[in-house]
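What follows is the content of upload.csv (CSV, C-alpha atoms).
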```csv
chain,number,residue,atom,x,y,z
N,1,MET,CA,69.1,149.5,120.6
N,2,ILE,CA,71.9,149.6,123.2
N,3,VAL,CA,74.1,152.6,122.6
N,4,ILE,CA,77.7,152.8,123.8
N,5,GLY,CA,79.5,156.0,124.7
N,6,GLY,CA,83.2,156.5,125.2
N,7,GLU,CA,86.6,156.5,123.6
N,8,ASN,CA,87.9,154.8,120.5
N,9,LEU,CA,91.7,154.7,119.9
N,10,ILE,CA,94.6,152.8,118.5
N,11,ASP,CA,96.8,151.0,120.9
N,12,PHE,CA,100.4,150.9,119.7
N,13,ILE,CA,101.8,148.0,121.7
N,14,GLN,CA,105.5,147.3,121.8
N,15,VAL,CA,106.1,143.7,120.7
N,16,GLY,CA,109.9,143.6,120.3
N,17,ILE,CA,113.1,145.4,119.3
N,18,ASP,CA,114.6,145.4,115.9
N,19,ASP,CA,118.2,146.6,115.6
N,20,GLY,CA,117.8,148.6,118.8
N,21,ILE,CA,114.5,150.2,117.7
N,22,PRO,CA,111.2,149.2,119.4
N,23,THR,CA,108.6,147.6,117.1
N,24,TYR,CA,104.9,148.2,117.7
N,25,LYS,CA,101.7,146.5,116.7
N,26,ALA,CA,98.6,148.6,116.1
N,27,MET,CA,95.5,147.3,117.8
N,28,PRO,CA,92.0,148.9,117.6
N,29,GLY,CA,90.9,149.7,121.2
N,30,GLY,CA,89.3,151.8,123.8
N,31,SER,CA,87.1,150.1,126.5
N,32,PRO,CA,83.7,151.4,125.2
N,33,PHE,CA,84.8,150.6,121.6
N,34,ASN,CA,85.5,147.0,122.7
N,35,ILE,CA,82.2,146.8,124.5
N,36,ALA,CA,80.3,147.8,121.4
N,37,MET,CA,82.2,145.2,119.3
N,38,ALA,CA,81.5,142.5,121.8
N,39,ILE,CA,77.8,143.2,122.0
N,40,GLY,CA,77.5,143.3,118.2
N,41,ARG,CA,79.1,139.9,118.0
N,42,GLN,CA,76.3,138.5,120.3
N,43,ASN,CA,73.6,139.4,117.8
N,44,VAL,CA,72.2,142.3,119.8
N,45,ASN,CA,71.3,145.6,118.1
N,46,VAL,CA,74.0,148.0,119.2
N,47,GLY,CA,75.1,151.5,118.2
N,48,TYR,CA,78.3,153.3,118.9
N,49,LEU,CA,77.6,156.9,119.8
N,50,THR,CA,81.2,158.4,119.8
N,51,PRO,CA,82.5,160.0,116.7
N,52,VAL,CA,85.2,158.1,114.7
N,53,SER,CA,87.9,159.8,112.7
N,54,SER,CA,87.9,159.7,108.9
N,55,ASP,CA,91.7,159.3,108.9
N,56,PRO,CA,93.3,155.9,108.0
N,57,LEU,CA,93.4,154.7,111.6
N,58,GLY,CA,89.7,155.8,112.0
N,59,ASN,CA,88.9,153.8,108.9
N,60,LEU,CA,90.4,150.8,110.7
N,61,LEU,CA,88.3,151.4,113.8
N,62,ALA,CA,85.1,151.9,111.8
N,63,ALA,CA,85.6,148.8,109.8
N,64,ARG,CA,86.3,146.8,113.0
N,65,LEU,CA,83.0,147.9,114.4
N,66,MET,CA,80.9,147.4,111.3
N,67,ASP,CA,82.4,144.0,110.8
N,68,SER,CA,80.9,143.2,114.2
N,69,ASP,CA,77.5,144.5,113.3
N,70,VAL,CA,77.8,147.7,115.2
N,71,THR,CA,76.0,150.8,113.8
N,72,LEU,CA,78.0,154.0,113.7
N,73,LEU,CA,75.6,156.7,115.1
N,74,SER,CA,77.6,159.9,114.8
N,75,PRO,CA,79.1,161.5,111.7
N,76,ARG,CA,82.7,160.8,111.0
N,77,ARG,CA,85.2,163.6,111.9
N,78,THR,CA,88.3,164.9,110.2
N,79,GLU,CA,90.2,165.3,113.5
N,80,PRO,CA,92.8,162.6,114.1
N,81,THR,CA,92.4,159.3,115.9
N,82,SER,CA,93.4,159.1,119.6
N,83,LEU,CA,96.5,157.0,120.3
N,84,ALA,CA,97.7,155.0,123.2
N,85,VAL,CA,101.4,153.9,123.2
N,86,VAL,CA,102.3,151.0,125.3
N,87,ALA,CA,106.1,150.8,125.6
N,88,LEU,CA,108.3,148.4,127.6
N,89,GLU,CA,110.8,149.9,130.0
N,90,HIS,CA,112.9,147.2,131.6
N,91,GLY,CA,110.1,144.8,131.0
N,92,VAL,CA,107.5,147.0,132.6
N,93,ALA,CA,104.6,148.5,130.5
N,94,ALA,CA,104.6,152.3,130.3
N,95,TYR,CA,101.5,154.0,128.9
N,96,GLN,CA,101.1,157.3,127.1
N,97,PHE,CA,97.8,158.6,125.7
N,98,TYR,CA,97.4,161.2,122.9
N,99,ARG,CA,93.8,162.5,123.1
N,100,GLN,CA,94.1,166.2,122.6
N,101,GLN,CA,91.7,167.6,120.0
N,102,THR,CA,91.0,164.1,118.6
N,103,ALA,CA,87.9,162.9,116.8
N,104,GLU,CA,86.5,160.9,119.7
N,105,ARG,CA,86.4,164.0,121.9
N,106,MET,CA,84.5,166.1,119.4
N,107,ILE,CA,81.1,165.9,121.1
N,108,THR,CA,78.4,168.4,121.9
N,109,PRO,CA,75.2,168.0,123.9
N,110,ASP,CA,73.1,168.7,120.8
N,111,GLY,CA,75.2,166.3,118.7
N,112,LEU,CA,74.7,163.4,121.2
N,113,VAL,CA,71.0,164.0,121.4
N,114,ALA,CA,70.7,164.1,117.6
N,115,ALA,CA,72.8,160.9,117.2
N,116,THR,CA,70.9,158.9,119.9
N,117,PRO,CA,68.1,156.9,118.2
N,118,ASP,CA,64.5,157.0,119.5
N,119,SER,CA,64.8,153.2,119.8
N,120,VAL,CA,67.4,153.4,122.5
N,121,SER,CA,66.8,150.9,125.2
N,122,ALA,CA,70.1,151.2,127.2
N,123,ILE,CA,73.2,153.3,127.3
N,124,CYS,CA,76.6,152.0,128.5
N,125,LEU,CA,79.3,154.5,129.5
N,126,GLY,CA,82.7,154.6,131.2
N,127,SER,CA,86.5,154.6,131.1
N,128,LEU,CA,88.6,157.6,129.7
N,129,ALA,CA,85.4,159.4,128.4
N,130,ILE,CA,84.4,160.4,132.0
N,131,THR,CA,87.9,161.1,133.2
N,132,ASP,CA,88.3,164.8,132.5
N,133,GLY,CA,87.6,167.7,130.1
N,134,THR,CA,84.4,169.3,128.8
N,135,ASP,CA,83.5,166.1,127.0
N,136,ALA,CA,83.4,164.2,130.3
N,137,GLU,CA,80.8,166.6,131.6
N,138,ILE,CA,78.8,166.3,128.3
N,139,TRP,CA,78.9,162.5,128.5
N,140,ALA,CA,77.8,162.5,132.1
N,141,LYS,CA,74.9,164.8,131.4
N,142,HIS,CA,73.7,162.8,128.4
N,143,TYR,CA,73.8,159.6,130.4
N,144,CYS,CA,71.9,161.1,133.3
N,145,ASP,CA,69.3,162.7,131.0
N,146,LEU,CA,68.7,159.3,129.3
N,147,LYS,CA,68.2,157.8,132.7
N,148,ASN,CA,65.6,160.4,133.5
N,149,GLN,CA,63.8,159.4,130.3
N,150,GLN,CA,63.6,155.8,131.7
N,151,VAL,CA,66.5,154.4,129.5
N,152,PHE,CA,68.4,151.6,131.2
N,153,THR,CA,71.8,152.7,132.3
N,154,ALA,CA,75.0,150.7,132.7
N,155,LEU,CA,78.4,152.0,133.9
N,156,ASP,CA,81.9,150.5,133.9
N,157,PRO,CA,84.3,153.1,135.4
N,158,ASN,CA,87.4,151.2,134.2
N,159,ILE,CA,89.5,153.7,136.1
N,160,ARG,CA,92.8,154.8,134.5
N,161,ALA,CA,94.3,156.5,137.6
N,162,ALA,CA,97.4,157.8,135.8
N,163,PHE,CA,95.1,160.1,133.7
N,164,ILE,CA,93.0,161.4,136.6
N,165,HIS,CA,94.7,164.7,137.5
N,166,ASP,CA,91.9,166.1,139.7
N,167,ARG,CA,90.6,163.3,141.9
N,168,ALA,CA,88.0,165.3,143.7
N,169,ALA,CA,86.4,166.5,140.4
N,170,TYR,CA,86.5,163.0,139.0
N,171,GLU,CA,84.8,161.4,142.1
N,172,LYS,CA,82.2,164.2,142.1
N,173,ARG,CA,81.4,163.4,138.5
N,174,LEU,CA,81.5,159.7,139.1
N,175,ASP,CA,79.1,159.9,142.1
N,176,HIS,CA,76.6,161.9,140.0
N,177,ILE,CA,76.7,159.2,137.3
N,178,LEU,CA,76.5,156.4,139.9
N,179,HIS,CA,73.2,157.9,141.2
N,180,HIS,CA,71.8,157.5,137.7
N,181,THR,CA,72.9,153.9,137.1
N,182,ASP,CA,70.9,150.6,136.9
N,183,LEU,CA,73.8,148.2,136.3
N,184,LEU,CA,77.3,148.8,137.7
N,185,LYS,CA,80.3,146.7,136.9
N,186,CYS,CA,83.8,147.4,138.2
N,187,SER,CA,87.0,145.6,138.9
N,188,ASP,CA,88.8,144.9,142.1
N,189,GLU,CA,91.5,147.3,140.8
N,190,ASP,CA,88.9,150.0,140.5
N,191,LEU,CA,87.8,149.4,144.1
N,192,ALA,CA,91.4,149.5,145.3
N,193,TRP,CA,91.9,152.9,143.9
N,194,LEU,CA,88.5,154.3,145.0
N,195,ILE,CA,88.5,152.9,148.5
N,196,PRO,CA,92.1,151.9,149.3
N,197,ASP,CA,91.7,151.6,153.1
N,198,LEU,CA,89.1,148.8,153.3
N,199,PRO,CA,89.3,145.1,152.7
N,200,PHE,CA,87.7,144.0,149.4
N,201,ASP,CA,84.3,142.9,150.7
N,202,GLN,CA,83.8,146.1,152.8
N,203,ALA,CA,84.9,148.2,149.9
N,204,ALA,CA,82.5,146.5,147.5
N,205,GLU,CA,79.6,147.1,149.9
N,206,GLN,CA,80.5,150.7,150.4
N,207,PHE,CA,80.9,151.4,146.7
N,208,ALA,CA,77.6,149.7,146.0
N,209,LYS,CA,75.9,152.1,148.5
N,210,ARG,CA,77.3,155.1,146.4
N,211,SER,CA,75.2,153.9,143.5
N,212,SER,CA,71.5,153.5,142.6
N,213,ALA,CA,72.4,150.3,140.7
N,214,ALA,CA,70.0,147.3,141.0
N,215,LEU,CA,72.9,145.0,140.3
N,216,VAL,CA,76.6,145.6,141.1
N,217,VAL,CA,79.2,143.2,139.7
N,218,VAL,CA,82.8,143.3,140.8
N,219,THR,CA,85.3,141.2,138.8
N,220,ARG,CA,88.5,139.7,140.4
N,221,GLY,CA,90.4,138.3,137.4
N,222,GLY,CA,91.3,134.7,138.0
N,223,ASP,CA,89.4,134.8,141.3
N,224,GLY,CA,86.0,135.1,139.6
N,225,ALA,CA,83.4,137.8,140.3
N,226,ILE,CA,80.9,138.7,142.9
N,227,ALA,CA,77.4,140.3,142.6
N,228,LEU,CA,75.6,142.4,145.1
N,229,PHE,CA,71.9,141.9,144.3
N,230,ASN,CA,68.7,142.3,146.3
N,231,GLY,CA,70.7,142.4,149.6
N,232,ALA,CA,72.6,139.2,148.8
N,233,ARG,CA,76.2,138.5,147.9
N,234,ILE,CA,76.5,136.0,145.0
N,235,GLU,CA,80.0,134.6,144.2
N,236,VAL,CA,80.8,133.0,140.8
N,237,PRO,CA,84.2,131.4,140.0
N,238,ALA,CA,86.2,132.3,136.9
N,239,ALA,CA,85.5,130.2,133.9
N,240,PRO,CA,88.1,127.5,133.0
N,241,LEU,CA,90.9,128.8,130.7
N,242,ALA,CA,93.2,126.2,129.2
N,243,ASN,CA,95.5,128.6,127.3
N,244,LEU,CA,95.9,132.2,128.5
N,245,VAL,CA,97.3,134.5,125.8
N,246,ASP,CA,96.5,137.9,127.3
N,247,THR,CA,93.8,139.7,129.2
N,248,VAL,CA,93.3,142.6,126.9
N,249,GLY,CA,89.6,143.4,126.6
N,250,ALA,CA,88.6,140.7,129.1
N,251,GLY,CA,86.7,143.2,131.4
N,252,ASP,CA,85.1,144.8,128.3
N,253,THR,CA,83.9,141.5,127.0
N,254,PHE,CA,82.5,140.7,130.5
N,255,MET,CA,80.5,143.9,130.6
N,256,ALA,CA,79.3,143.5,127.1
N,257,THR,CA,78.0,140.0,127.8
N,258,LEU,CA,76.1,141.1,130.8
N,259,LEU,CA,74.2,143.6,128.6
N,260,ALA,CA,73.8,141.3,125.6
N,261,THR,CA,72.5,138.5,127.8
N,262,LEU,CA,70.0,140.7,129.5
N,263,SER,CA,68.9,141.9,126.1
N,264,HIS,CA,68.4,138.2,125.0
N,265,TRP,CA,66.4,137.6,128.2
N,266,ASP,CA,64.2,140.6,127.5
N,267,ALA,CA,65.5,141.9,130.9
N,268,LEU,CA,67.1,145.2,129.8
N,269,SER,CA,65.0,147.3,132.2
N,270,ARG,CA,65.4,148.1,135.8
N,271,SER,CA,62.1,146.4,136.8
N,272,ALA,CA,63.0,143.2,134.7
N,273,LEU,CA,66.5,143.1,136.2
N,274,MET,CA,65.1,143.3,139.7
N,275,GLY,CA,62.7,140.6,138.9
N,276,LEU,CA,65.5,138.0,138.3
N,277,ASP,CA,66.3,135.5,141.0
N,278,ALA,CA,69.7,134.6,142.5
N,279,ASP,CA,70.2,131.6,140.2
N,280,GLN,CA,69.5,133.7,137.1
N,281,ILE,CA,72.1,136.3,138.3
N,282,ARG,CA,74.6,133.5,138.9
N,283,GLN,CA,73.9,132.2,135.3
N,284,LEU,CA,74.3,135.8,133.9
N,285,ILE,CA,77.7,136.3,135.6
N,286,ALA,CA,78.9,132.8,134.6
N,287,ARG,CA,78.1,133.5,131.0
N,288,ALA,CA,80.0,136.8,131.1
N,289,ALA,CA,83.0,135.0,132.7
N,290,LYS,CA,82.9,132.4,130.0
N,291,ALA,CA,83.0,135.1,127.3
N,292,ALA,CA,85.9,136.8,129.0
N,293,ALA,CA,87.8,133.5,129.2
N,294,ILE,CA,87.3,132.9,125.5
N,295,ASN,CA,88.6,136.4,124.8
N,296,CYS,CA,91.7,135.7,127.0
N,297,SER,CA,92.5,132.7,124.9
N,298,ARG,CA,93.2,135.0,122.0
N,299,SER,CA,95.6,137.9,121.3
N,300,GLY,CA,94.2,141.4,122.0
N,301,CYS,CA,90.5,142.1,122.3
N,302,ASN,CA,88.8,139.5,120.2
N,303,PRO,CA,85.4,138.8,121.8
N,304,PRO,CA,83.4,135.6,121.0
N,305,HIS,CA,80.4,135.4,118.7
N,306,LEU,CA,77.1,134.2,120.0
N,307,SER,CA,77.6,130.8,118.5
N,308,GLU,CA,80.7,130.3,120.6
N,309,LEU,CA,78.8,131.0,123.8
N,310,GLU,CA,75.7,128.9,123.1
```
Written as structure tokens, that's how I'd like the structure from this file.
Amino acid sequence: MIVIGGENLIDFIQVGIDDGIPTYKAMPGGSPFNIAMAIGRQNVNVGYLTPVSSDPLGNLLAARLMDSDVTLLSPRRTEPTSLAVVALEHGVAAYQFYRQQTAERMITPDGLVAATPDSVSAICLGSLAITDGTDAEIWAKHYCDLKNQQVFTALDPNIRAAFIHDRAAYEKRLDHILHHTDLLKCSDEDLAWLIPDLPFDQAAEQFAKRSSAALVVVTRGGDGAIALFNGARIEVPAAPLANLVDTVGAGDTFMATLLATLSHWDALSRSALMGLDADQIRQLIARAAKAAAINCSRSGCNPPHLSELE
């Protein structure tokens, strides 16, 4: 089983104004939540490790996961669901997160160990869950402990700079996680924040050197993606997209498809991954790009099912 760690929340996204009052649409979200959903839709055994609230919004989140064949691994919690409010100020999106004392942050080291099945083959972590707080340290330790138990590790930092209040502490934690990572995926926006003074290619090379990852993939939106693998740089164009609706969850779908495809190929181990050749890596990334493009043709994060990729 692939296990996913990290936040779940409800995005309240402003969609208009009615009689001078903003109107919002509630969308299940959270980058790791989206990754779990996308993997489940590709017929891969996946479990979601983070607690989900038992409040009405948590019920919505839980149903969304279970409808995508994701197993909820942790007991439900009575604390409220985390919220993200996306308002429009003069046409520009403004974000506010409400995550204090919410269900998805109610983790303990013993609780994560108890909830992680013996059948775990891989763990994927990232985003707000590793940003700050005691829970970020707990997630980092559990991830690294699993790596030391020979579990395949995958990281998508998915940096939310506005919520990183102690950059030095964050980068120290990130570097510790990077040194326990087999598969690393990040975006060009992540790189621009982490290494702002270098051109893209140099930044990607430098960031890859901070990691133990056998495969590093950097996504560039409409410009495609690159992979750094076995000393080579492999470039893959973006998949064709006839009708762009929005890009919500595109990166999450991309990451999920990397993991799901490796699982289907029976290559979800460091040795098997390193045994792939450049053409297989190119095929892997092209498939992830195709899944992301399908997601972008729909509203919100709505990843494709396996039948749509085959």
Can you tell me, as a PDB file with C-alpha atoms, keeping the file's coordinate frame, what residues are no more than 10 Å from N:Glu104 when counting all atoms listed in the file, ignoring any on the same chain fewer than 3 positions away?
```pdb
ATOM      1  CA  GLY N   5      79.500 156.000 124.700  1.00  0.00           C
ATOM      2  CA  GLY N   6      83.200 156.500 125.200  1.00  0.00           C
ATOM      3  CA  GLU N   7      86.600 156.500 123.600  1.00  0.00           C
ATOM      4  CA  ASN N   8      87.900 154.800 120.500  1.00  0.00           C
ATOM      5  CA  LEU N   9      91.700 154.700 119.900  1.00  0.00           C
ATOM      6  CA  LEU N  49      77.600 156.900 119.800  1.00  0.00           C
ATOM      7  CA  THR N  50      81.200 158.400 119.800  1.00  0.00           C
ATOM      8  CA  PRO N  51      82.500 160.000 116.700  1.00  0.00           C
ATOM      9  CA  VAL N  52      85.200 158.100 114.700  1.00  0.00           C
ATOM     10  CA  SER N  53      87.900 159.800 112.700  1.00  0.00           C
ATOM     11  CA  GLY N  58      89.700 155.800 112.000  1.00  0.00           C
ATOM     12  CA  ARG N  76      82.700 160.800 111.000  1.00  0.00           C
ATOM     13  CA  ARG N  77      85.200 163.600 111.900  1.00  0.00           C
ATOM     14  CA  GLU N  79      90.200 165.300 113.500  1.00  0.00           C
ATOM     15  CA  PRO N  80      92.800 162.600 114.100  1.00  0.00           C
ATOM     16  CA  THR N  81      92.400 159.300 115.900  1.00  0.00           C
ATOM     17  CA  SER N  82      93.400 159.100 119.600  1.00  0.00           C
ATOM     18  CA  ARG N  99      93.800 162.500 123.100  1.00  0.00           C
ATOM     19  CA  GLN N 100      94.100 166.200 122.600  1.00  0.00           C
ATOM     20  CA  GLN N 101      91.700 167.600 120.000  1.00  0.00           C
ATOM     21  CA  ILE N 107      81.100 165.900 121.100  1.00  0.00           C
ATOM     22  CA  ALA N 129      85.400 159.400 128.400  1.00  0.00           C
ATOM     23  CA  ASP N 135      83.500 166.100 127.000  1.00  0.00           C
TER      24      ASP N 135
END
```
Neighbour list for N:Gly300 as a list in words, cut-off 7 Å, only C-alpha atoms, skip fewer than 6 positions in-chain: Asp246, Val248 and Gly249 of chain N
List as number ranges by chain the protein and nucleic acid residues near N:Gly275, meaning an atom at most 12 Å away when all atoms listed in the file are counted, but skip any in the same chain fewer than 5 places from it. N: 214-215, 229-230, 262, 265-270, 280-281
When you count all atoms listed in the file, which of these residues is closest to N:Ile285: N:Leu198, N:Ala161, N:Val113, N:Ala256? N:Ala256
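Each of N:Val236, N:Leu184, N:Gly47, N:Val85 was checked against N:Ser119 using all atoms listed in the file; the smallest atom-to-atom distance is that of N:Gly47.
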Let me make sure I understand: among N:Asp175, N:Phe200, N:Val3, N:Ala192, which one has the smallest atom-to-atom distance to N:Leu146 if we use only C-alpha atoms? N:Val3
Residues near N:Leu309, cut-off 9 Å, all atoms listed in the file, skip fewer than 6 positions along chain, as a count of residues only: 5
I'd like the neighbourhood of N:Arg160 as a PyMOL selection string, where a residue qualifies if any of its atoms comes within 12 Å (using only C-alpha atoms), though same-chain residues fewer than 3 positions away should be ignored. chain N and resi 30-31+95-97+126-132+156-157+163-165+167+170+187+189-190+193-194
Expected answer as an MDAnalysis selection string: all residues with atoms within 12 Å of (88.9, 132.6, 123.1), all atoms listed in the file: chainID N and resid 239:250 253 289:305 308:309
Export C-alpha atoms of the chosen residues as a PDB file, in the frame of the given file?
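Result saved to again_7.pdb:
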```pdb
ATOM      1  CA  ALA N 239      85.500 130.200 133.900  1.00  0.00           C
ATOM      2  CA  PRO N 240      88.100 127.500 133.000  1.00  0.00           C
ATOM      3  CA  LEU N 241      90.900 128.800 130.700  1.00  0.00           C
ATOM      4  CA  ALA N 242      93.200 126.200 129.200  1.00  0.00           C
ATOM      5  CA  ASN N 243      95.500 128.600 127.300  1.00  0.00           C
ATOM      6  CA  LEU N 244      95.900 132.200 128.500  1.00  0.00           C
ATOM      7  CA  VAL N 245      97.300 134.500 125.800  1.00  0.00           C
ATOM      8  CA  ASP N 246      96.500 137.900 127.300  1.00  0.00           C
ATOM      9  CA  THR N 247      93.800 139.700 129.200  1.00  0.00           C
ATOM     10  CA  VAL N 248      93.300 142.600 126.900  1.00  0.00           C
ATOM     11  CA  GLY N 249      89.600 143.400 126.600  1.00  0.00           C
ATOM     12  CA  ALA N 250      88.600 140.700 129.100  1.00  0.00           C
ATOM     13  CA  THR N 253      83.900 141.500 127.000  1.00  0.00           C
ATOM     14  CA  ALA N 289      83.000 135.000 132.700  1.00  0.00           C
ATOM     15  CA  LYS N 290      82.900 132.400 130.000  1.00  0.00           C
ATOM     16  CA  ALA N 291      83.000 135.100 127.300  1.00  0.00           C
ATOM     17  CA  ALA N 292      85.900 136.800 129.000  1.00  0.00           C
ATOM     18  CA  ALA N 293      87.800 133.500 129.200  1.00  0.00           C
ATOM     19  CA  ILE N 294      87.300 132.900 125.500  1.00  0.00           C
ATOM     20  CA  ASN N 295      88.600 136.400 124.800  1.00  0.00           C
ATOM     21  CA  CYS N 296      91.700 135.700 127.000  1.00  0.00           C
ATOM     22  CA  SER N 297      92.500 132.700 124.900  1.00  0.00           C
ATOM     23  CA  ARG N 298      93.200 135.000 122.000  1.00  0.00           C
ATOM     24  CA  SER N 299      95.600 137.900 121.300  1.00  0.00           C
ATOM     25  CA  GLY N 300      94.200 141.400 122.000  1.00  0.00           C
ATOM     26  CA  CYS N 301      90.500 142.100 122.300  1.00  0.00           C
ATOM     27  CA  ASN N 302      88.800 139.500 120.200  1.00  0.00           C
ATOM     28  CA  PRO N 303      85.400 138.800 121.800  1.00  0.00           C
ATOM     29  CA  PRO N 304      83.400 135.600 121.000  1.00  0.00           C
ATOM     30  CA  HIS N 305      80.400 135.400 118.700  1.00  0.00           C
ATOM     31  CA  GLU N 308      80.700 130.300 120.600  1.00  0.00           C
ATOM     32  CA  LEU N 309      78.800 131.000 123.800  1.00  0.00           C
TER      33      LEU N 309
END
```
Using the file's own x, y and z axes, what box holds all listed atoms of stretch 49-65 of chain N with 3 Å on each side, keeping edges along x, y and z, and what are its centre and edge lengths in Å to one decimal, as AutoDock Vina command-line options?
```
--center_x 85.5 --center_y 153.4 --center_z 113.9 --size_x 21.8 --size_y 19.2 --size_z 17.8
```
